[in-house]
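Structure data follow from run-v2.cif (mmCIF, C-alpha atoms):
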data_input
loop_
_atom_site.label_atom_id
_atom_site.label_comp_id
_atom_site.auth_asym_id
_atom_site.auth_seq_id
_atom_site.Cartn_x
_atom_site.Cartn_y
_atom_site.Cartn_z
CA MET W 262 0.00 0.00 0.00
CA ALA W 263 2.34 2.67 -1.19
CA GLU W 264 -0.33 5.16 -2.17
CA SER W 265 0.46 8.79 -1.55
CA ALA W 266 -1.80 11.08 0.45
CA GLU W 267 -2.63 12.89 -2.81
CA GLU W 268 -3.86 9.66 -4.39
CA ILE W 269 -5.95 8.91 -1.31
CA ARG W 270 -7.54 12.37 -1.63
CA LYS W 271 -8.58 11.45 -5.15
CA HIS W 272 -10.08 8.22 -3.76
CA VAL W 273 -12.06 10.23 -1.23
CA ARG W 274 -13.71 12.25 -4.00
CA VAL W 275 -14.71 8.97 -5.66
CA TYR W 276 -16.13 7.65 -2.37
CA ILE W 277 -18.39 10.69 -2.08
CA LEU W 278 -19.59 10.22 -5.68
CA VAL W 279 -20.28 6.53 -5.04
CA PHE W 280 -22.21 7.46 -1.90
CA ALA W 281 -24.38 9.83 -3.94
CA ALA W 282 -24.93 7.18 -6.62
CA LEU W 283 -25.92 4.59 -4.00
CA ALA W 284 -28.39 7.02 -2.41
CA VAL W 285 -29.97 7.84 -5.78
CA LEU W 286 -30.20 4.15 -6.73
CA THR W 287 -31.89 3.36 -3.40
CA VAL W 288 -34.53 5.97 -4.21
CA VAL W 289 -34.89 4.46 -7.69
CA THR W 290 -35.29 0.94 -6.20
CA VAL W 291 -38.12 2.08 -3.93
CA GLY W 292 -39.64 4.26 -6.67
CA VAL W 293 -39.77 1.39 -9.16
CA SER W 294 -41.55 -0.81 -6.59
CA TYR W 295 -44.40 1.75 -6.48
CA LEU W 296 -44.89 1.50 -10.25
CA LYS W 297 -46.61 -1.88 -9.73
CA ILE W 298 -45.30 -3.44 -12.94
CA GLU W 299 -47.60 -6.26 -14.08
CA SER W 300 -44.93 -8.82 -14.94
CA VAL W 301 -43.42 -10.48 -11.86
CA ALA W 302 -40.33 -11.51 -13.84
CA ALA W 303 -39.73 -7.90 -14.95
CA THR W 304 -40.16 -6.61 -11.38
CA VAL W 305 -37.67 -9.15 -10.03
CA LEU W 306 -35.19 -8.50 -12.85
CA ILE W 307 -35.33 -4.70 -12.44
CA ALA W 308 -34.89 -4.97 -8.64
CA LEU W 309 -31.96 -7.37 -8.98
CA PHE W 310 -30.42 -5.27 -11.76
CA ILE W 311 -30.39 -2.12 -9.62
CA ALA W 312 -29.17 -4.08 -6.58
CA SER W 313 -26.35 -5.52 -8.71
CA ILE W 314 -25.24 -2.05 -9.81
CA LYS W 315 -25.25 -0.91 -6.17
CA GLY W 316 -23.40 -4.05 -5.10
CA GLY W 317 -20.89 -3.52 -7.90
CA LEU W 318 -20.23 0.05 -6.75
CA VAL W 319 -19.69 -1.08 -3.14
CA ALA W 320 -17.42 -3.98 -4.14
CA GLY W 321 -15.57 -2.01 -6.81
CA TYR W 322 -14.83 1.20 -4.93
CA PHE W 323 -15.36 0.72 -1.18
CA MET W 324 -13.79 -2.76 -1.28
CA HIS W 325 -11.14 -1.56 -3.77
CA LEU W 326 -11.82 -4.32 -6.28
CA VAL W 327 -11.15 -1.94 -9.19
CA SER W 328 -7.47 -2.00 -8.27
CA GLU W 329 -7.13 -5.37 -6.55
CA LYS W 330 -4.52 -8.09 -7.11
CA GLN W 331 -5.26 -11.04 -9.35
CA ILE W 332 -5.38 -13.65 -6.56
CA ILE W 333 -8.48 -11.99 -5.07
CA PHE W 334 -10.25 -12.26 -8.43
CA TRP W 335 -9.44 -15.98 -8.58
CA VAL W 336 -10.98 -16.44 -5.14
CA LEU W 337 -14.02 -14.50 -6.26
CA ALA W 338 -14.31 -16.36 -9.57
CA LEU W 339 -14.40 -19.64 -7.67
CA THR W 340 -17.01 -18.19 -5.31
CA VAL W 341 -19.16 -17.11 -8.25
CA VAL W 342 -19.09 -20.67 -9.67
CA PHE W 343 -20.21 -22.22 -6.39
CA PHE W 344 -22.76 -19.46 -5.77
CA ALA W 345 -24.24 -20.00 -9.23
CA ALA W 346 -24.50 -23.75 -8.52
CA LEU W 347 -26.26 -22.93 -5.26
CA MET W 348 -28.74 -20.63 -7.00
CA LEU W 349 -29.43 -23.23 -9.70
CA LEU W 350 -30.29 -25.90 -7.12
CA PRO W 351 -33.90 -24.72 -6.70
CA SER W 352 -34.58 -25.18 -10.42
CA VAL W 353 -33.36 -28.78 -10.23
CA THR W 354 -35.34 -29.40 -7.04
CA GLU W 355 -38.46 -27.79 -8.41
CA PHE W 356 -38.74 -30.10 -11.39
CA SER W 357 -38.45 -33.28 -9.36
CA GLY W 358 -39.86 -32.13 -6.05
CA VAL W 359 -42.57 -29.52 -5.89
CA GLY W 360 -44.60 -31.05 -8.71
CA GLU W 361 -44.64 -34.40 -6.96
CA LEU W 362 -45.66 -32.76 -3.71
CA GLU W 363 -48.59 -31.07 -5.41
CA GLY W 364 -49.64 -34.41 -6.83
CA GLN W 365 -49.72 -35.88 -3.36
CA VAL W 366 -51.89 -33.17 -1.83
CA MET Q 264 11.08 -22.31 17.77
CA SER Q 265 11.21 -18.93 19.39
CA VAL Q 266 8.30 -16.51 19.37
CA GLU Q 267 8.12 -15.00 15.92
CA GLU Q 268 6.05 -12.24 14.47
CA ILE Q 269 3.23 -13.21 12.17
CA PRO Q 270 4.69 -12.68 8.70
CA HIS Q 271 3.29 -10.53 5.88
CA THR Q 272 1.07 -8.27 7.96
CA VAL Q 273 2.27 -5.30 5.88
CA GLU Q 274 4.43 -6.42 2.98
CA PRO Q 275 2.71 -8.57 0.32
CA HIS Q 276 3.17 -12.31 0.42
CA PRO Q 277 5.38 -13.32 -2.54
CA ILE Q 278 2.87 -15.91 -3.76
CA THR Q 279 -0.46 -14.09 -3.34
CA GLY Q 280 0.78 -10.56 -3.94
CA VAL Q 281 -1.31 -9.22 -1.04
CA TYR Q 282 -0.71 -9.06 2.71
CA ASN Q 283 -1.98 -12.16 4.52
CA GLY Q 284 -4.81 -10.43 6.36
CA LYS Q 285 -6.40 -9.29 3.13
CA PHE Q 286 -6.19 -12.74 1.55
CA GLY Q 287 -7.66 -14.22 4.73
CA ILE Q 288 -10.59 -11.82 4.93
CA TRP Q 289 -11.46 -12.41 1.26
CA LEU Q 290 -11.49 -16.19 1.83
CA PHE Q 291 -13.74 -15.61 4.82
CA LEU Q 292 -16.05 -13.40 2.73
CA ALA Q 293 -16.17 -16.15 0.09
CA SER Q 294 -17.49 -18.50 2.79
CA GLU Q 295 -19.96 -15.79 3.83
CA VAL Q 296 -21.25 -15.59 0.25
CA MET Q 297 -22.02 -19.31 0.47
CA LEU Q 298 -23.70 -18.91 3.87
CA PHE Q 299 -26.06 -16.20 2.63
CA GLY Q 300 -26.24 -17.88 -0.78
CA ALA Q 301 -27.73 -21.00 0.84
CA LEU Q 302 -30.46 -18.85 2.40
CA PHE Q 303 -31.16 -16.98 -0.84
CA SER Q 304 -31.34 -20.28 -2.69
CA THR Q 305 -33.75 -21.66 -0.08
CA LEU Q 306 -35.89 -18.55 -0.37
CA VAL Q 307 -36.14 -19.01 -4.14
CA LEU Q 308 -37.17 -22.65 -3.68
CA LEU Q 309 -39.77 -21.87 -1.02
CA ARG Q 310 -41.16 -18.95 -2.96
CA VAL Q 311 -41.39 -20.67 -6.33
CA GLY Q 312 -42.88 -23.76 -4.73
CA ALA Q 313 -45.46 -21.92 -2.62
CA PRO Q 314 -49.05 -21.76 -3.94
CA SER Q 315 -49.16 -18.07 -2.96
CA TRP Q 316 -46.61 -15.60 -1.60
CA PRO Q 317 -47.35 -12.25 0.03
CA GLN Q 318 -46.05 -8.93 -1.32
CA GLY Q 319 -43.32 -7.88 1.12
CA SER Q 320 -44.26 -4.20 0.89
CA GLU Q 321 -47.77 -4.95 2.20
CA LEU Q 322 -46.51 -6.73 5.32
CA LEU Q 323 -43.21 -5.01 6.12
CA ASN Q 324 -42.31 -1.40 6.89
CA VAL Q 325 -40.74 -0.11 3.65
CA PRO Q 326 -40.01 3.47 4.86
CA LEU Q 327 -38.10 2.18 7.91
CA ALA Q 328 -36.16 -0.32 5.78
CA THR Q 329 -35.37 2.42 3.22
CA LEU Q 330 -34.07 4.59 6.05
CA ASN Q 331 -31.97 1.65 7.24
CA THR Q 332 -30.57 1.24 3.73
CA PHE Q 333 -29.39 4.87 3.81
CA VAL Q 334 -27.94 4.32 7.30
CA LEU Q 335 -25.90 1.30 6.18
CA ILE Q 336 -24.70 3.01 2.99
CA ALA Q 337 -23.62 6.02 5.05
CA SER Q 338 -21.80 3.71 7.49
CA SER Q 339 -19.94 2.13 4.57
CA VAL Q 340 -18.76 5.60 3.51
CA THR Q 341 -17.62 6.52 7.03
CA MET Q 342 -15.83 3.14 7.25
CA VAL Q 343 -13.86 3.70 4.07
CA MET Q 344 -13.18 7.31 5.15
CA SER Q 345 -11.72 6.05 8.44
CA TRP Q 346 -9.24 3.95 6.44
CA ALA Q 347 -8.49 6.86 4.10
CA SER Q 348 -7.89 9.11 7.12
CA LEU Q 349 -5.23 6.72 8.41
CA LYS Q 350 -3.63 6.71 4.96
CA MET Q 351 -3.53 10.52 5.15
CA ASP Q 352 -1.92 10.24 8.59
CA ASN Q 353 -4.88 11.80 10.39
CA PHE Q 354 -5.52 9.67 13.47
CA GLY Q 355 -8.09 12.07 14.95
CA ARG Q 356 -10.18 12.01 11.76
CA PHE Q 357 -9.90 8.20 11.72
CA LYS Q 358 -11.36 8.01 15.24
CA LEU Q 359 -14.19 10.32 14.24
CA TYR Q 360 -15.13 8.31 11.15
CA LEU Q 361 -14.84 4.88 12.80
CA GLY Q 362 -16.87 6.20 15.76
CA LEU Q 363 -19.54 7.38 13.29
CA THR Q 364 -19.50 3.95 11.64
CA VAL Q 365 -20.20 2.25 14.99
CA LEU Q 366 -22.89 4.83 15.78
CA LEU Q 367 -24.64 4.26 12.44
CA ALA Q 368 -24.46 0.49 13.01
CA PHE Q 369 -26.26 1.01 16.31
CA VAL Q 370 -28.87 3.20 14.58
CA PHE Q 371 -29.44 0.35 12.10
CA LEU Q 372 -29.97 -2.12 14.97
CA VAL Q 373 -32.31 0.22 16.86
CA ILE Q 374 -34.48 0.65 13.74
CA LYS Q 375 -34.44 -3.12 13.23
CA TYR Q 376 -35.42 -3.55 16.90
CA PHE Q 377 -38.46 -1.33 16.34
CA GLU Q 378 -39.42 -3.35 13.27
CA TYR Q 379 -39.08 -6.67 15.10
CA THR Q 380 -40.88 -5.64 18.31
CA HIS Q 381 -43.73 -4.12 16.30
CA LYS Q 382 -44.20 -7.49 14.61
CA PHE Q 383 -43.99 -9.34 17.95
CA HIS Q 384 -46.65 -7.03 19.45
CA LEU Q 385 -48.91 -7.96 16.56
CA GLY Q 386 -48.34 -11.63 17.40
CA ILE Q 387 -46.17 -12.16 14.32
CA PHE Q 388 -43.26 -14.57 14.78
CA PRO Q 389 -41.04 -16.67 12.48
CA SER Q 390 -43.53 -19.51 12.94
CA THR Q 391 -46.40 -17.36 11.61
CA SER Q 392 -45.77 -18.16 7.94
CA THR Q 393 -43.07 -19.26 5.51
CA PHE Q 394 -42.69 -15.61 4.45
CA TYR Q 395 -42.03 -14.45 8.01
CA ALA Q 396 -39.76 -17.44 8.65
CA THR Q 397 -37.53 -16.38 5.75
CA TYR Q 398 -37.79 -12.69 6.73
CA PHE Q 399 -36.71 -13.25 10.34
CA THR Q 400 -34.02 -15.80 9.43
CA MET Q 401 -32.34 -13.65 6.79
CA THR Q 402 -32.62 -10.27 8.53
CA GLY Q 403 -31.70 -11.97 11.82
CA LEU Q 404 -28.51 -13.46 10.41
CA HIS Q 405 -27.70 -10.12 8.80
CA GLY Q 406 -28.36 -8.36 12.13
CA LEU Q 407 -25.92 -10.74 13.85
CA HIS Q 408 -23.32 -9.71 11.28
CA VAL Q 409 -23.96 -6.06 12.15
CA VAL Q 410 -23.40 -6.93 15.83
CA GLY Q 411 -20.14 -8.68 14.87
CA GLY Q 412 -19.02 -5.61 12.95
CA ILE Q 413 -19.77 -3.37 15.93
CA ILE Q 414 -17.65 -5.58 18.23
CA VAL Q 415 -14.68 -5.59 15.83
CA ASN Q 416 -14.93 -1.86 15.13
CA LEU Q 417 -15.24 -0.99 18.83
CA TYR Q 418 -12.11 -3.02 19.52
CA LEU Q 419 -10.22 -1.24 16.73
CA LEU Q 420 -11.57 2.13 17.87
CA PHE Q 421 -10.40 1.81 21.48
CA PRO Q 422 -7.90 -0.84 22.74
CA GLY Q 423 -6.85 -2.00 19.26
CA SER Q 424 -5.96 1.50 18.07
CA LYS Q 425 -2.80 1.52 20.22
CA LEU Q 426 -1.17 -0.37 17.36
CA TRP Q 427 -1.23 2.84 15.30
CA HIS Q 428 1.58 4.28 17.44
CA THR Q 429 3.89 1.27 16.98
CA ALA Q 430 2.92 -0.19 13.57
CA PRO Q 431 0.79 2.33 11.63
CA GLU Q 432 0.75 0.43 8.34
CA GLN Q 433 -0.28 -2.81 10.00
CA PHE Q 434 -3.05 -0.95 11.82
CA ALA Q 435 -4.27 0.66 8.58
CA ASN Q 436 -4.39 -2.83 7.05
CA ARG Q 437 -6.49 -4.07 9.97
CA ILE Q 438 -8.92 -1.23 9.36
CA GLU Q 439 -8.99 -2.13 5.65
CA CYS Q 440 -9.87 -5.76 6.55
CA ALA Q 441 -12.55 -4.68 9.03
CA GLY Q 442 -13.83 -2.40 6.26
CA LEU Q 443 -13.97 -5.22 3.72
CA TYR Q 444 -16.16 -7.18 6.16
CA TRP Q 445 -18.32 -4.14 6.88
CA HIS Q 446 -18.87 -3.36 3.18
CA PHE Q 447 -19.88 -7.00 2.68
CA VAL Q 448 -22.53 -6.59 5.40
CA ASP Q 449 -23.76 -3.50 3.51
CA LEU Q 450 -23.71 -5.44 0.23
CA VAL Q 451 -25.88 -8.24 1.67
CA TRP Q 452 -28.42 -5.67 2.83
CA ILE Q 453 -28.47 -4.08 -0.63
CA PHE Q 454 -29.84 -7.41 -1.92
CA LEU Q 455 -31.95 -8.33 1.12
CA PHE Q 456 -33.86 -5.04 1.07
CA PRO Q 457 -35.50 -5.32 -2.37
CA ILE Q 458 -35.90 -9.10 -2.22
CA LEU Q 459 -37.69 -9.18 1.15
CA TYR Q 460 -39.36 -5.77 1.33
CA LEU Q 461 -40.21 -4.82 -2.23
CA LEU Q 462 -40.80 -7.93 -4.33
#

Do you think you could lay out the structure here as structure tokens?
Amino acid sequence: MAESAEEIRKHVRVYILVFAALAVLTVVTVGVSYLKIESVAATVLIALFIASIKGGLVAGYFMHLVSEKQIIFWVLALTVVFFAALMLLPSVTEFSGVGELEGQV
Amino acid sequence: MSVEEIPHTVEPHPITGVYNGKFGIWLFLASEVMLFGALFSTLVLLRVGAPSWPQGSELLNVPLATLNTFVLIASSVTMVMSWASLKMDNFGRFKLYLGLTVLLAFVFLVIKYFEYTHKFHLGIFPSTSTFYATYFTMTGLHGLHVVGGIIVNLYLLFPGSKLWHTAPEQFANRIECAGLYWHFVDLVWIFLFPILYLL
């Protein structure tokens, strides 16, 4: 961490901008929910899209991922693979599980 | 073997290219992703499989949760500013920003306390419905993480800050690691808020 005080000052300006962006996006998130969009899929996708942008800003700037070493990205890439597998599990379970349960009721 | 200092607290490890603490906290956060990921995955399964699912905004207090979102975002900014203050050699400013971070974390918990107790007064508990079970489990686990962050940050704010006078760079790295954890807690809330309260 050999960053000079001047570089850190530049970072601080970015942090303030990110803070403003996060605040605006929070307002947008809540605002969109009041629109009562008909399609459930669209509502979920819009909410997750905005949350992903916010998450990206936090991870990128507050957690310094924009200037991080390669090893951290490898750790994260591995995490993404396992996380994706975890999130795909419900779709596998649904096809062989919930349908059968409904049949039993 | 004599007592040795823990290596690579400041200088990067030759293999990873980062100091050990940072590598360690990122591995820990990877495990945290899986912990919360399991709950998110379960929520998807329960929700898709349920014959009907309530709209979170009709059952939960959206204005309070929105306020809490602002509180956590603000605490993330003060956290990163506390680290930046150390990097600019301003110990007093660091104390101010880390103190603000802890204060905002407490504000978050107080607001959450009001939300929870209001539900309890109405006779609503995790056992009330699958929706409330997921709501209390996920926000409860997140709340425990906030408590954990408060404990770590209070340590670094008071007894732990002595390290600044003997090993300033190592101390700044500790604050960076505590910050990485704290930003992760913020990040989880950024997803929890729309998924539980708005969808």

Distance in Å - CA of Ser345 (chain Q) versus CA of Leu298 (chain Q):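 If I compute the distance from CA of Ser345 (chain Q) to CA of Leu298 (chain Q), I get 28.1 Å.
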
Within 8 Å of chain W, which residues belong to chain Q? Use only C-alpha atoms and report them as a CSV table (one decimal) with C-alpha atoms, in the frame of the given file.
chain,number,residue,atom,x,y,z
Q,279,THR,CA,-0.5,-14.1,-3.3
Q,280,GLY,CA,0.8,-10.6,-3.9
Q,281,VAL,CA,-1.3,-9.2,-1.0
Q,286,PHE,CA,-6.2,-12.7,1.6
Q,289,TRP,CA,-11.5,-12.4,1.3
Q,290,LEU,CA,-11.5,-16.2,1.8
Q,293,ALA,CA,-16.2,-16.2,0.1
Q,296,VAL,CA,-21.2,-15.6,0.2
Q,297,MET,CA,-22.0,-19.3,0.5
Q,300,GLY,CA,-26.2,-17.9,-0.8
Q,301,ALA,CA,-27.7,-21.0,0.8
Q,303,PHE,CA,-31.2,-17.0,-0.8
Q,304,SER,CA,-31.3,-20.3,-2.7
Q,305,THR,CA,-33.8,-21.7,-0.1
Q,307,VAL,CA,-36.1,-19.0,-4.1
Q,308,LEU,CA,-37.2,-22.6,-3.7
Q,311,VAL,CA,-41.4,-20.7,-6.3
Q,312,GLY,CA,-42.9,-23.8,-4.7
Q,329,THR,CA,-35.4,2.4,3.2
Q,332,THR,CA,-30.6,1.2,3.7
Q,333,PHE,CA,-29.4,4.9,3.8
Q,336,ILE,CA,-24.7,3.0,3.0
Q,337,ALA,CA,-23.6,6.0,5.0
Q,339,SER,CA,-19.9,2.1,4.6
Q,340,VAL,CA,-18.8,5.6,3.5
Q,343,VAL,CA,-13.9,3.7,4.1
Q,344,MET,CA,-13.2,7.3,5.2
Q,347,ALA,CA,-8.5,6.9,4.1
Q,350,LYS,CA,-3.6,6.7,5.0
Q,351,MET,CA,-3.5,10.5,5.2
Q,442,GLY,CA,-13.8,-2.4,6.3
Q,443,LEU,CA,-14.0,-5.2,3.7
Q,446,HIS,CA,-18.9,-3.4,3.2
Q,447,PHE,CA,-19.9,-7.0,2.7
Q,450,LEU,CA,-23.7,-5.4,0.2
Q,453,ILE,CA,-28.5,-4.1,-0.6
Q,454,PHE,CA,-29.8,-7.4,-1.9
Q,457,PRO,CA,-35.5,-5.3,-2.4
Q,458,ILE,CA,-35.9,-9.1,-2.2
Q,461,LEU,CA,-40.2,-4.8,-2.2
Q,462,LEU,CA,-40.8,-7.9,-4.3

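Across the model, the gap from CA of Gly319 (chain Q) to CA of Thr397 (chain Q) is 11.3 Å.
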
Suppose you want the space between CA of Leu330 (chain Q) and CA of Gly412 (chain Q); what is it in Å?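 Going from CA of Leu330 (chain Q) over to CA of Gly412 (chain Q), I get 19.4 Å.
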
Resolved residues for the PyMOL selection byres ((chain Q and resi 366-377) around 7) as JSON, numbers by chain: {"Q": [331, 334, 335, 338, 362, 363, 364, 365, 378, 379, 380, 381, 409, 413]}

Which one is closest to Leu309 (chain Q): Q:Phe291, Q:Trp346, Q:Tyr282, Q:Phe394? Count all atoms listed in the file.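 Checking each candidate against Leu309 (chain Q), we get Q:Phe394 as the closest.
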
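The shortest atom-to-atom distance to Asn283 (chain Q), with only C-alpha atoms taken into account, belongs to Q:Arg437 out of Q:Arg310, Q:Lys382, Q:Lys425, Q:Arg437.
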
Tell me, as a PyMOL selection string, which residues lie within 9 Å of Tyr398 (chain Q), counting all atoms listed in the file; anything in the same chain fewer than 6 positions away does not count. chain Q and resi 389+459-460

Padding 5 Å on every side, please: axis-aligned box over the listed atoms of region 322-330 of chain W, centre and edge lengths to one decimal in Å, as JSON.
{"center_x": -9.9, "center_y": -3.4, "center_z": -5.2, "size_x": 20.8, "size_y": 19.3, "size_z": 18.0}

Distance query 10 Å from (2.3, -7.2, 3.6) using all atoms listed in the file, result as a PyMOL selection string: (chain W and resi 262) or (chain Q and resi 270-277+280-285+432-433+436)
